[in-house]
Amino acid sequence: MSAPNTFYITTPIYYVNDVPHIGHAYTTVAADVLARYWRLRGRDVFFLTGLDEHGQKVQQAAAKAGIDPQRYCDGMVPRFQELWKRLEISNDAFIRTTDAKHKIVVQRYLQELFNKQLIYQGSYMGWYCTFDERFWTEKDVADGLCPDCKRPVEKLSEHNYFFKMGQYQDRLIDHIKEHEAFIRPESRRNEVLGFLQTQKLGDLSISRPKARLSWGIELPFDKNYVTYVWFDALVNYVSALEYLPQGKPAGNSFWPANVHLIGKDILTTHAVYWSTMLMALDLPLPQTIFAHGWWTVDGEKMSKSRGNVVDPYAMADKYKVYGFRYFLLREVPFGQDGDFSETALVRRVDSDIANGLGNLLRRTLTLIERYAGGAVPEVPPSLDTDVEENLTVAGLEAFSLADSDIEEMAFSRALEQIWQLVRAADQYLETHAPWTLAKDPGKRKLLERVLYRAADSLRLLAIAVYPFIPSTARAIREQLGLNPDFFSNPIPFEERQWHRLRPGTKIHIGDALSPRMGAYALTGHEAKLSVSQGASTVSDTPTPPQPVTATAVPTTAAPQAPLPAATAPLAPSPAQITIDEFMQIQLKTARVLSAERVPKSEKLLKLQVSLGSEQRQIVAGIGKKYEPEALVGKTIVIVANLKPAKLMGIESQGMVLAAGDSEVRGLITILEEVDPGTTVK
Ligand code: MSP
């Protein structure tokens, strides 16, 4: 029996001849979350993935390439292994069904079942689909085509060896009924039960005559046959434990597996074939078989013929590993089908990571730099406000509630829960406004507390997001001045509590966690989609950031330009203009990336703003009304086609809209969340 402190998680072993796609990445990334999560909680984890290398298709592909199947397989392996490295997959081992030691275990099991008379020879007649490597019954192939892949099937009769699967039908039904967590989610459990309770379970053909298929594992009791695919592949989950957990205590203590993660298409093979094989071998059944849903792509089934196969390498290059991982885990409840689109990915990552988590980090560290000399302050007594209470609770729930979500493999819900802490921390800063506290020396203690707690929130967030987006978690820790390696100095369980950040820790402001991807990252096709959402100037070729050229600077701008030169207070003007004249003014939304005071000026702030596809610097006369930190992350409205001008020697590439006459009363912002760069009319 598996030891209580172990955690054994597997992915399917993927067909070696497949091109790695989003489906492979999905299962493997999800398994990685569980592996990282349980390691962090101190369990001895064994995370296994690998390749399924036998079978007809591999034999055919090798023959076509004129090489022997083993060499063909060897050549395919790096495509998967490198992808897993790229996606930060922390698998402990990688099994190949052509491993000599795996083959020995398969043969031992075959012999054991043969000796127990649970394998027998019989003859089989049926319709065979070469592509899917399986037989179908007469009624399945009424039109002469494989009901699965729609390719023609051929009638075949042959002697084969059969595993007496049918005799385990009742025992399997009982097992499923007695173990609620055995097949998940619930809907899949009901599907399998429904099938077992209404149809007679037959025996399973486990061999092929060598004359037809030689690329398999030879049956130990009949040299004229091989076993291949399912009997060979499923055994990987136990054979691996005999030779792959190097440096771990006796591998067999990992069995039974805690979770076999699979896609919904291979549920029957796991829930029925594998379970009955284990029963026959007198081995315990896995705790959970979890079948996740499938991704469609822009609403369509993904297929080579449609040319819409999502390449995980390309996604990681374009949207970074954290962006791709986060989207896969957050967008769709695990277990359900979902639709993949780059537009949805960009929107999700920009809103949650760039504007959410990343903005919180940047804002907090900038405040610490400015008001606490770049080191985490001491933490004076409680503020005793509702907002502080909310923050405290959100921090505790980011673990307690997310823990049970992760245990249920509800990854999306867990992330939603964790992001409540991002929101609570934002709200906390907003309400206690450290930039205002800083003006009053009597509020120094409060200021320190607010800064401490904001930084402590980020420390907790790094732990909470680590299983999902490990590189982001490390970056947060690095910028907080903590050891980015989660394991060299194990993070004890108690660190998942408030007030574990050491005062005096020097922070290091680094790169933004996630540069906003916006329209700039999208392909032509998707850029058009965002046009229809209102960004009329977004073209198929995104505009590169505008260069700051000296020639564009008008010499007329006085160095001591008064406030209206950089803001346009919305005062009523007596002169009327035509609609055409008005339409010449390009108003756009912009997101404030950073803000700082212009030295020696009371009024001027230097803002870096994002218009989605470009970044601009704007000098605005709003410094009397706003502290720079209060603006970071806000979406404002700017005049985007104003000629650049210099204010106090600093280039300003646009103008900020604000209300007020001689004094600025308030910036124009947007009620709804809109992408930066959206046209304002
Ligand atoms: N070799 C067998 C598994 C043997 S396990 C003992 C196999 N290999 S596979 O390469 O076809 O596996 C593909 C995996 O990717 C499956 O879990 C499948 O569900 C998953 N996906 C394939 N296409 C997918 C999507 N479009 N979306 C999500 N996952 C999908 O089956």
# chains A, B, ... in the order shown; residues from 1 in each chain; ligands from 1
>>> residues_near_ligand(ligand="ligand 1", cutoff="6 Å", atoms="only C-alpha atoms and all ligand atoms", output="short mmCIF file (atom, residue, chain, number, x, y, z; two decimals) with N, CA, C and O atoms, in the first residue's frame")
data_model
loop_
_atom_site.label_atom_id
_atom_site.label_comp_id
_atom_site.auth_asym_id
_atom_site.auth_seq_id
_atom_site.Cartn_x
_atom_site.Cartn_y
_atom_site.Cartn_z
N PRO A 12 -0.97 10.22 -19.08
CA PRO A 12 -0.93 9.10 -20.03
C PRO A 12 0.47 9.07 -20.64
O PRO A 12 1.16 10.09 -20.65
N ILE A 13 0.88 7.92 -21.13
CA ILE A 13 2.12 7.95 -21.92
C ILE A 13 1.67 8.22 -23.34
O ILE A 13 0.76 7.57 -23.87
N TYR A 14 2.28 9.22 -23.94
CA TYR A 14 1.80 9.72 -25.23
C TYR A 14 2.36 8.90 -26.37
O TYR A 14 3.48 8.39 -26.30
N TYR A 15 1.57 8.79 -27.45
CA TYR A 15 2.05 8.06 -28.62
C TYR A 15 3.28 8.77 -29.16
O TYR A 15 3.23 9.98 -29.42
N GLY A 23 -3.21 19.25 -26.20
CA GLY A 23 -3.80 18.18 -25.39
C GLY A 23 -2.74 17.54 -24.50
O GLY A 23 -2.96 17.31 -23.31
N HIS A 24 -1.57 17.25 -25.09
CA HIS A 24 -0.48 16.68 -24.29
C HIS A 24 -0.06 17.68 -23.21
O HIS A 24 0.17 17.33 -22.06
N ASP A 52 4.48 6.06 -25.28
CA ASP A 52 3.90 4.79 -25.68
C ASP A 52 4.46 4.52 -27.08
O ASP A 52 4.13 5.23 -28.02
N ALA A 233 0.94 -0.61 -22.55
CA ALA A 233 1.00 0.80 -22.11
C ALA A 233 0.52 0.99 -20.67
O ALA A 233 1.16 1.67 -19.88
N LEU A 234 -0.61 0.39 -20.33
CA LEU A 234 -1.17 0.62 -18.99
C LEU A 234 -0.23 0.12 -17.89
O LEU A 234 -0.14 0.71 -16.81
N ILE A 262 -5.93 11.79 -17.06
CA ILE A 262 -6.07 11.38 -18.47
C ILE A 262 -7.08 12.29 -19.16
O ILE A 262 -7.79 13.05 -18.50
N GLY A 263 -7.17 12.17 -20.49
CA GLY A 263 -8.23 12.87 -21.23
C GLY A 263 -9.46 11.98 -21.28
O GLY A 263 -9.36 10.76 -21.10
N LYS A 264 -10.60 12.58 -21.56
CA LYS A 264 -11.86 11.83 -21.50
C LYS A 264 -11.93 10.68 -22.51
O LYS A 264 -12.65 9.72 -22.32
N ASP A 265 -11.15 10.79 -23.60
CA ASP A 265 -11.21 9.76 -24.65
C ASP A 265 -10.60 8.43 -24.21
O ASP A 265 -10.86 7.41 -24.83
N GLY A 293 -11.46 17.39 -19.84
CA GLY A 293 -12.16 17.63 -21.11
C GLY A 293 -11.19 17.93 -22.24
O GLY A 293 -9.98 17.87 -22.08
N TRP A 294 -11.74 18.25 -23.38
CA TRP A 294 -10.95 18.52 -24.57
C TRP A 294 -11.03 19.98 -24.94
O TRP A 294 -12.05 20.64 -24.72
N TRP A 295 -9.96 20.46 -25.57
CA TRP A 295 -9.94 21.82 -26.09
C TRP A 295 -10.38 21.82 -27.55
O TRP A 295 -9.91 21.01 -28.34
N THR A 296 -11.25 22.75 -27.87
CA THR A 296 -11.47 23.08 -29.27
C THR A 296 -10.64 24.33 -29.53
O THR A 296 -10.14 24.94 -28.59
N MET A 302 -9.90 20.42 -32.97
CA MET A 302 -8.51 20.57 -33.39
C MET A 302 -8.11 19.36 -34.23
O MET A 302 -8.35 18.23 -33.84
#
>>> residues_around(residues="Gln81 in chain A", least_positions_apart="5", cutoff="12 Å", atoms="only C-alpha atoms", output="PDB file with C-alpha atoms, in the first residue's frame")
ATOM      1  CA  TYR A  14       1.795   9.720 -25.226  1.00  0.00           C
ATOM      2  CA  VAL A  16       5.619   8.594 -29.725  1.00  0.00           C
ATOM      3  CA  PRO A  20       3.104  17.365 -29.177  1.00  0.00           C
ATOM      4  CA  HIS A  24      -0.477  16.684 -24.290  1.00  0.00           C
ATOM      5  CA  ALA A  25       0.536  19.968 -22.691  1.00  0.00           C
ATOM      6  CA  THR A  28       1.047  17.340 -18.257  1.00  0.00           C
ATOM      7  CA  THR A  49       5.155  10.821 -17.709  1.00  0.00           C
ATOM      8  CA  GLY A  50       6.523   9.146 -20.800  1.00  0.00           C
ATOM      9  CA  LEU A  51       5.912   7.637 -24.207  1.00  0.00           C
ATOM     10  CA  ASP A  74      14.658   7.340 -30.268  1.00  0.00           C
ATOM     11  CA  GLY A  75      14.492  10.188 -32.743  1.00  0.00           C
ATOM     12  CA  MET A  76      11.043  11.247 -31.539  1.00  0.00           C
ATOM     13  CA  ARG A  86      10.306  24.313 -21.729  1.00  0.00           C
ATOM     14  CA  LEU A  87       6.935  24.187 -19.946  1.00  0.00           C
ATOM     15  CA  GLU A  88       8.654  23.808 -16.560  1.00  0.00           C
ATOM     16  CA  ILE A  89       7.300  20.321 -16.016  1.00  0.00           C
ATOM     17  CA  SER A  90       8.857  18.808 -12.906  1.00  0.00           C
ATOM     18  CA  ASN A  91       8.416  15.122 -13.738  1.00  0.00           C
ATOM     19  CA  ALA A  93      10.853  10.192 -14.346  1.00  0.00           C
ATOM     20  CA  PHE A  94      10.207   9.566 -18.014  1.00  0.00           C
ATOM     21  CA  ILE A  95       9.200   6.065 -19.044  1.00  0.00           C
ATOM     22  CA  ARG A  96       9.426   4.597 -22.520  1.00  0.00           C
TER      23      ARG A  96
END
>>> closest_residue(among="A:Asn190, A:Gln586, A:Gln117, A:Ser239", to="Thr679 in chain A", atoms="only C-alpha atoms")
A:Gln586
>>> closest_residue(among="A:Ile22, A:Leu604, A:Met165, A:Ile9", to="Val45 in chain A", atoms="only C-alpha atoms")
A:Ile9
>>> residues_around(residues="range 192-195 of chain A", least_positions_apart="6", cutoff="10 Å", atoms="only C-alpha atoms", output="list in words")
Leu172, Ile173, Asp174, Ile176, Lys177, Ile183, Leu201, Leu267, Thr268, Ala271 and Val272 of chain A
>>> write_last_selection(atoms="N, CA, C and O atoms", output="PDB file, in the first residue's frame")
ATOM      1  N   LEU A 172     -16.088  -4.761 -10.475  1.00  0.00           N
ATOM      2  CA  LEU A 172     -15.738  -3.393 -10.860  1.00  0.00           C
ATOM      3  C   LEU A 172     -16.889  -2.432 -10.541  1.00  0.00           C
ATOM      4  O   LEU A 172     -16.671  -1.334 -10.021  1.00  0.00           O
ATOM      5  N   ILE A 173     -18.101  -2.886 -10.820  1.00  0.00           N
ATOM      6  CA  ILE A 173     -19.263  -2.032 -10.493  1.00  0.00           C
ATOM      7  C   ILE A 173     -19.261  -1.734  -8.989  1.00  0.00           C
ATOM      8  O   ILE A 173     -19.423  -0.585  -8.571  1.00  0.00           O
ATOM      9  N   ASP A 174     -19.054  -2.771  -8.195  1.00  0.00           N
ATOM     10  CA  ASP A 174     -19.041  -2.565  -6.735  1.00  0.00           C
ATOM     11  C   ASP A 174     -17.946  -1.591  -6.331  1.00  0.00           C
ATOM     12  O   ASP A 174     -18.153  -0.706  -5.512  1.00  0.00           O
ATOM     13  N   ILE A 176     -16.562   0.779  -8.031  1.00  0.00           N
ATOM     14  CA  ILE A 176     -16.869   2.177  -8.415  1.00  0.00           C
ATOM     15  C   ILE A 176     -17.909   2.753  -7.454  1.00  0.00           C
ATOM     16  O   ILE A 176     -17.816   3.899  -7.017  1.00  0.00           O
ATOM     17  N   LYS A 177     -18.883   1.914  -7.113  1.00  0.00           N
ATOM     18  CA  LYS A 177     -19.942   2.406  -6.205  1.00  0.00           C
ATOM     19  C   LYS A 177     -19.388   2.708  -4.817  1.00  0.00           C
ATOM     20  O   LYS A 177     -19.787   3.664  -4.169  1.00  0.00           O
ATOM     21  N   ILE A 183     -13.508   7.402  -9.917  1.00  0.00           N
ATOM     22  CA  ILE A 183     -13.577   7.989 -11.260  1.00  0.00           C
ATOM     23  C   ILE A 183     -14.139   9.395 -11.116  1.00  0.00           C
ATOM     24  O   ILE A 183     -15.210   9.581 -10.532  1.00  0.00           O
ATOM     25  N   LEU A 201     -19.795  -6.976 -20.325  1.00  0.00           N
ATOM     26  CA  LEU A 201     -18.366  -6.734 -20.544  1.00  0.00           C
ATOM     27  C   LEU A 201     -17.729  -7.981 -21.145  1.00  0.00           C
ATOM     28  O   LEU A 201     -17.823  -9.069 -20.577  1.00  0.00           O
ATOM     29  N   LEU A 267     -10.854   7.130 -21.087  1.00  0.00           N
ATOM     30  CA  LEU A 267     -11.399   6.756 -19.780  1.00  0.00           C
ATOM     31  C   LEU A 267     -11.714   5.263 -19.699  1.00  0.00           C
ATOM     32  O   LEU A 267     -11.416   4.605 -18.705  1.00  0.00           O
ATOM     33  N   THR A 268     -12.322   4.706 -20.743  1.00  0.00           N
ATOM     34  CA  THR A 268     -12.697   3.288 -20.689  1.00  0.00           C
ATOM     35  C   THR A 268     -11.454   2.416 -20.519  1.00  0.00           C
ATOM     36  O   THR A 268     -11.446   1.480 -19.713  1.00  0.00           O
ATOM     37  N   ALA A 271     -10.435   3.054 -16.791  1.00  0.00           N
ATOM     38  CA  ALA A 271     -11.385   2.676 -15.737  1.00  0.00           C
ATOM     39  C   ALA A 271     -11.773   1.206 -15.840  1.00  0.00           C
ATOM     40  O   ALA A 271     -12.060   0.562 -14.829  1.00  0.00           O
ATOM     41  N   VAL A 272     -11.782   0.654 -17.055  1.00  0.00           N
ATOM     42  CA  VAL A 272     -12.243  -0.726 -17.216  1.00  0.00           C
ATOM     43  C   VAL A 272     -11.074  -1.690 -17.487  1.00  0.00           C
ATOM     44  O   VAL A 272     -10.850  -2.623 -16.723  1.00  0.00           O
TER      45      VAL A 272
END
>>> residues_around(residues="Lys116 in chain A", least_positions_apart="6", cutoff="10 Å", atoms="only C-alpha atoms", output="list in words")
Leu110, Ala280 and Leu281 of chain A
>>> residues_around(residues="range 337-342 of chain A", least_positions_apart="4", cutoff="9 Å", atoms="only C-alpha atoms", output="PyMOL selection string")
chain A and resi 292-300+310+315+328+331-333+346-347+522-523+526
>>> atom_distance(atom1="CA of Gly666 in chain A", atom2="CA of Pro628 in chain A")
13.8 Å
>>> residues_around(residues="Thr98 in chain A", least_positions_apart="5", cutoff="9 Å", atoms="only C-alpha atoms", output="compact mmCIF listing (two decimals) with N, CA, C and O atoms, in the first residue's frame")
# COMPACT_ATOMS: atom_id res chain seq x y z
N LEU A 51 6.37 7.88 -22.84
CA LEU A 51 5.91 7.64 -24.21
C LEU A 51 5.50 6.19 -24.44
O LEU A 51 6.08 5.26 -23.90
N ASP A 52 4.48 6.06 -25.28
CA ASP A 52 3.90 4.79 -25.68
C ASP A 52 4.46 4.52 -27.08
O ASP A 52 4.13 5.23 -28.02
N GLU A 53 5.32 3.52 -27.20
CA GLU A 53 6.12 3.45 -28.42
C GLU A 53 5.82 2.26 -29.34
O GLU A 53 6.34 2.20 -30.44
N HIS A 54 5.00 1.30 -28.85
CA HIS A 54 4.75 0.15 -29.71
C HIS A 54 3.50 0.34 -30.57
O HIS A 54 2.73 1.27 -30.34
N GLN A 70 13.02 1.10 -33.49
CA GLN A 70 13.65 1.62 -32.28
C GLN A 70 14.36 2.94 -32.56
O GLN A 70 14.24 3.90 -31.80
N CYS A 73 11.82 5.66 -32.91
CA CYS A 73 11.32 6.13 -31.61
C CYS A 73 12.36 7.01 -30.92
O CYS A 73 12.02 8.09 -30.41
N LYS A 103 9.69 -3.89 -20.42
CA LYS A 103 9.28 -5.08 -21.18
C LYS A 103 9.32 -6.33 -20.28
O LYS A 103 8.44 -7.18 -20.36
N GLY A 216 6.07 -4.93 -30.92
CA GLY A 216 5.38 -5.03 -29.64
C GLY A 216 6.24 -5.88 -28.72
O GLY A 216 7.41 -6.15 -29.02
N ILE A 217 5.66 -6.29 -27.61
CA ILE A 217 6.42 -7.11 -26.66
C ILE A 217 5.99 -8.57 -26.81
O ILE A 217 4.81 -8.89 -26.72
>>> atom_distance(atom1="CA of Met125 in chain A", atom2="CA of Val106 in chain A")
25.9 Å
>>> residues_around(residues="Pro69 in chain A", least_positions_apart="2", cutoff="9 Å", atoms="only C-alpha atoms", output="list of chain:residue names")
A:Glu53, A:His54, A:Val58, A:Gln59, A:Gln60, A:Ala61, A:Ala62, A:Ala63, A:Ile67, A:Arg71, A:Tyr72, A:Cys73, A:Asp74, A:Trp215
>>> closest_residue(among="A:Ala314, A:Thr505, A:Asp511, A:Thr343", to="Ala372 in chain A", atoms="only C-alpha atoms")
A:Thr505
>>> closest_residue(among="A:Thr269, A:Gln121, A:Ser157, A:Gln497", to="Ala464 in chain A", atoms="only C-alpha atoms")
A:Gln497
>>> atom_distance(atom1="CA of Leu241 in chain A", atom2="CA of Thr6 in chain A")
12.9 Å
>>> select_by_dssp(residues="range 108-152 of chain A", states="strand (DSSP E)", output="list of chain:residue names")
A:Ile119, A:Tyr120, A:Gln121, A:Gly122, A:Ser123, A:Tyr124, A:Met125, A:Gly126, A:Trp127, A:Tyr128, A:Cys129, A:Arg134, A:Phe135, A:Trp136
>>> write_last_selection(atoms="all heavy atoms", output="compact mmCIF listing (two decimals), in the first residue's frame")
# COMPACT_ATOMS: atom_id res chain seq x y z
N ILE A 119 -5.55 -15.72 -19.02
CA ILE A 119 -5.33 -15.42 -20.44
C ILE A 119 -5.51 -16.73 -21.19
O ILE A 119 -4.99 -17.77 -20.77
CB ILE A 119 -3.91 -14.85 -20.68
CG1 ILE A 119 -3.82 -13.41 -20.12
CG2 ILE A 119 -3.57 -14.84 -22.17
CD1 ILE A 119 -2.45 -12.77 -20.26
N TYR A 120 -6.27 -16.69 -22.27
CA TYR A 120 -6.52 -17.92 -23.04
C TYR A 120 -6.45 -17.58 -24.53
O TYR A 120 -6.56 -16.42 -24.92
CB TYR A 120 -7.89 -18.51 -22.68
CG TYR A 120 -9.05 -17.59 -23.04
CD1 TYR A 120 -9.71 -17.70 -24.28
CD2 TYR A 120 -9.51 -16.61 -22.15
CE1 TYR A 120 -10.76 -16.85 -24.61
CE2 TYR A 120 -10.56 -15.77 -22.48
CZ TYR A 120 -11.18 -15.90 -23.72
OH TYR A 120 -12.21 -15.06 -24.05
N GLN A 121 -6.29 -18.63 -25.35
CA GLN A 121 -6.27 -18.39 -26.78
C GLN A 121 -7.65 -18.60 -27.38
O GLN A 121 -8.36 -19.53 -27.01
CB GLN A 121 -5.27 -19.31 -27.48
CG GLN A 121 -4.94 -18.81 -28.87
CD GLN A 121 -3.92 -19.66 -29.60
OE1 GLN A 121 -3.82 -20.86 -29.37
NE2 GLN A 121 -3.17 -19.04 -30.49
N GLY A 122 -8.04 -17.72 -28.26
CA GLY A 122 -9.34 -17.87 -28.91
C GLY A 122 -9.26 -17.28 -30.29
O GLY A 122 -8.21 -16.77 -30.70
N SER A 123 -10.35 -17.36 -31.01
CA SER A 123 -10.28 -16.74 -32.33
C SER A 123 -11.24 -15.57 -32.36
O SER A 123 -12.24 -15.53 -31.65
CB SER A 123 -10.57 -17.74 -33.43
OG SER A 123 -11.94 -17.95 -33.48
N TYR A 124 -10.87 -14.66 -33.19
CA TYR A 124 -11.61 -13.42 -33.20
C TYR A 124 -11.91 -13.05 -34.64
O TYR A 124 -11.07 -13.15 -35.53
CB TYR A 124 -10.76 -12.31 -32.56
CG TYR A 124 -11.54 -11.03 -32.38
CD1 TYR A 124 -12.31 -10.83 -31.24
CD2 TYR A 124 -11.52 -10.05 -33.36
CE1 TYR A 124 -13.05 -9.68 -31.09
CE2 TYR A 124 -12.25 -8.89 -33.21
CZ TYR A 124 -13.01 -8.70 -32.07
OH TYR A 124 -13.75 -7.56 -31.92
N MET A 125 -13.12 -12.60 -34.85
CA MET A 125 -13.48 -12.14 -36.20
C MET A 125 -14.12 -10.78 -36.01
O MET A 125 -15.01 -10.61 -35.17
CB MET A 125 -14.48 -13.15 -36.79
CG MET A 125 -15.29 -12.60 -37.91
SD MET A 125 -14.52 -12.97 -39.47
CE MET A 125 -15.35 -14.49 -39.87
N GLY A 126 -13.64 -9.84 -36.75
CA GLY A 126 -14.24 -8.51 -36.58
C GLY A 126 -13.75 -7.54 -37.62
O GLY A 126 -13.00 -7.90 -38.53
N TRP A 127 -14.21 -6.34 -37.52
CA TRP A 127 -13.81 -5.27 -38.44
C TRP A 127 -12.68 -4.50 -37.79
O TRP A 127 -12.83 -4.00 -36.69
CB TRP A 127 -15.00 -4.35 -38.73
CG TRP A 127 -16.07 -5.05 -39.50
CD1 TRP A 127 -17.18 -5.65 -39.00
CD2 TRP A 127 -16.10 -5.23 -40.91
NE1 TRP A 127 -17.92 -6.22 -40.00
CE2 TRP A 127 -17.27 -5.97 -41.20
CE3 TRP A 127 -15.26 -4.87 -41.97
CZ2 TRP A 127 -17.63 -6.32 -42.50
CZ3 TRP A 127 -15.62 -5.23 -43.26
CH2 TRP A 127 -16.79 -5.95 -43.52
N TYR A 128 -11.58 -4.40 -38.51
CA TYR A 128 -10.38 -3.82 -37.90
C TYR A 128 -10.05 -2.46 -38.52
O TYR A 128 -10.06 -2.30 -39.75
CB TYR A 128 -9.19 -4.77 -38.11
CG TYR A 128 -7.97 -4.33 -37.36
CD1 TYR A 128 -7.91 -4.46 -35.97
CD2 TYR A 128 -6.88 -3.77 -38.02
CE1 TYR A 128 -6.80 -4.05 -35.26
CE2 TYR A 128 -5.75 -3.35 -37.31
CZ TYR A 128 -5.73 -3.49 -35.93
OH TYR A 128 -4.64 -3.08 -35.23
N CYS A 129 -9.78 -1.50 -37.66
CA CYS A 129 -9.34 -0.19 -38.14
C CYS A 129 -7.84 -0.08 -37.86
O CYS A 129 -7.42 -0.09 -36.70
CB CYS A 129 -10.08 0.94 -37.43
SG CYS A 129 -9.33 2.55 -37.78
N ARG A 134 -7.81 -1.06 -33.62
CA ARG A 134 -8.79 -1.77 -32.81
C ARG A 134 -9.86 -2.39 -33.69
O ARG A 134 -10.09 -1.97 -34.82
CB ARG A 134 -9.40 -0.85 -31.76
CG ARG A 134 -10.18 0.33 -32.30
CD ARG A 134 -11.07 0.93 -31.22
NE ARG A 134 -12.17 0.01 -30.92
CZ ARG A 134 -13.11 0.27 -30.01
NH1 ARG A 134 -13.04 1.38 -29.31
NH2 ARG A 134 -14.10 -0.58 -29.79
N PHE A 135 -10.48 -3.42 -33.12
CA PHE A 135 -11.58 -4.08 -33.81
C PHE A 135 -12.89 -3.40 -33.46
O PHE A 135 -13.06 -2.87 -32.35
CB PHE A 135 -11.65 -5.55 -33.37
CG PHE A 135 -10.69 -6.45 -34.10
CD1 PHE A 135 -9.48 -6.79 -33.52
CD2 PHE A 135 -11.01 -6.95 -35.35
CE1 PHE A 135 -8.58 -7.62 -34.18
CE2 PHE A 135 -10.11 -7.79 -36.01
CZ PHE A 135 -8.90 -8.12 -35.43
N TRP A 136 -13.82 -3.46 -34.43
CA TRP A 136 -15.18 -2.97 -34.18
C TRP A 136 -16.16 -4.11 -34.48
O TRP A 136 -15.84 -5.02 -35.26
CB TRP A 136 -15.53 -1.79 -35.08
CG TRP A 136 -14.68 -0.56 -34.83
CD1 TRP A 136 -13.57 -0.19 -35.54
CD2 TRP A 136 -14.87 0.44 -33.83
NE1 TRP A 136 -13.05 0.97 -35.03
CE2 TRP A 136 -13.83 1.39 -33.98
CE3 TRP A 136 -15.82 0.63 -32.82
CZ2 TRP A 136 -13.71 2.51 -33.16
CZ3 TRP A 136 -15.69 1.75 -32.02
CH2 TRP A 136 -14.66 2.67 -32.18
>>> select_by_dssp(residues="range 102-275 of chain A", states="helix (DSSP H, G or I)", output="MDAnalysis selection string")
chainID A and resid 102:115 138:141 166:178 186:198 229:234 236:243 251:254 264:275
>>> closest_residue(among="A:Met655, A:Ala354, A:Ala410, A:Ile636", to="Leu513 in chain A", atoms="only C-alpha atoms")
A:Ala354
>>> closest_residue(among="A:Ala595, A:Pro4, A:Tyr273, A:Leu607", to="Leu204 in chain A", atoms="only C-alpha atoms")
A:Tyr273
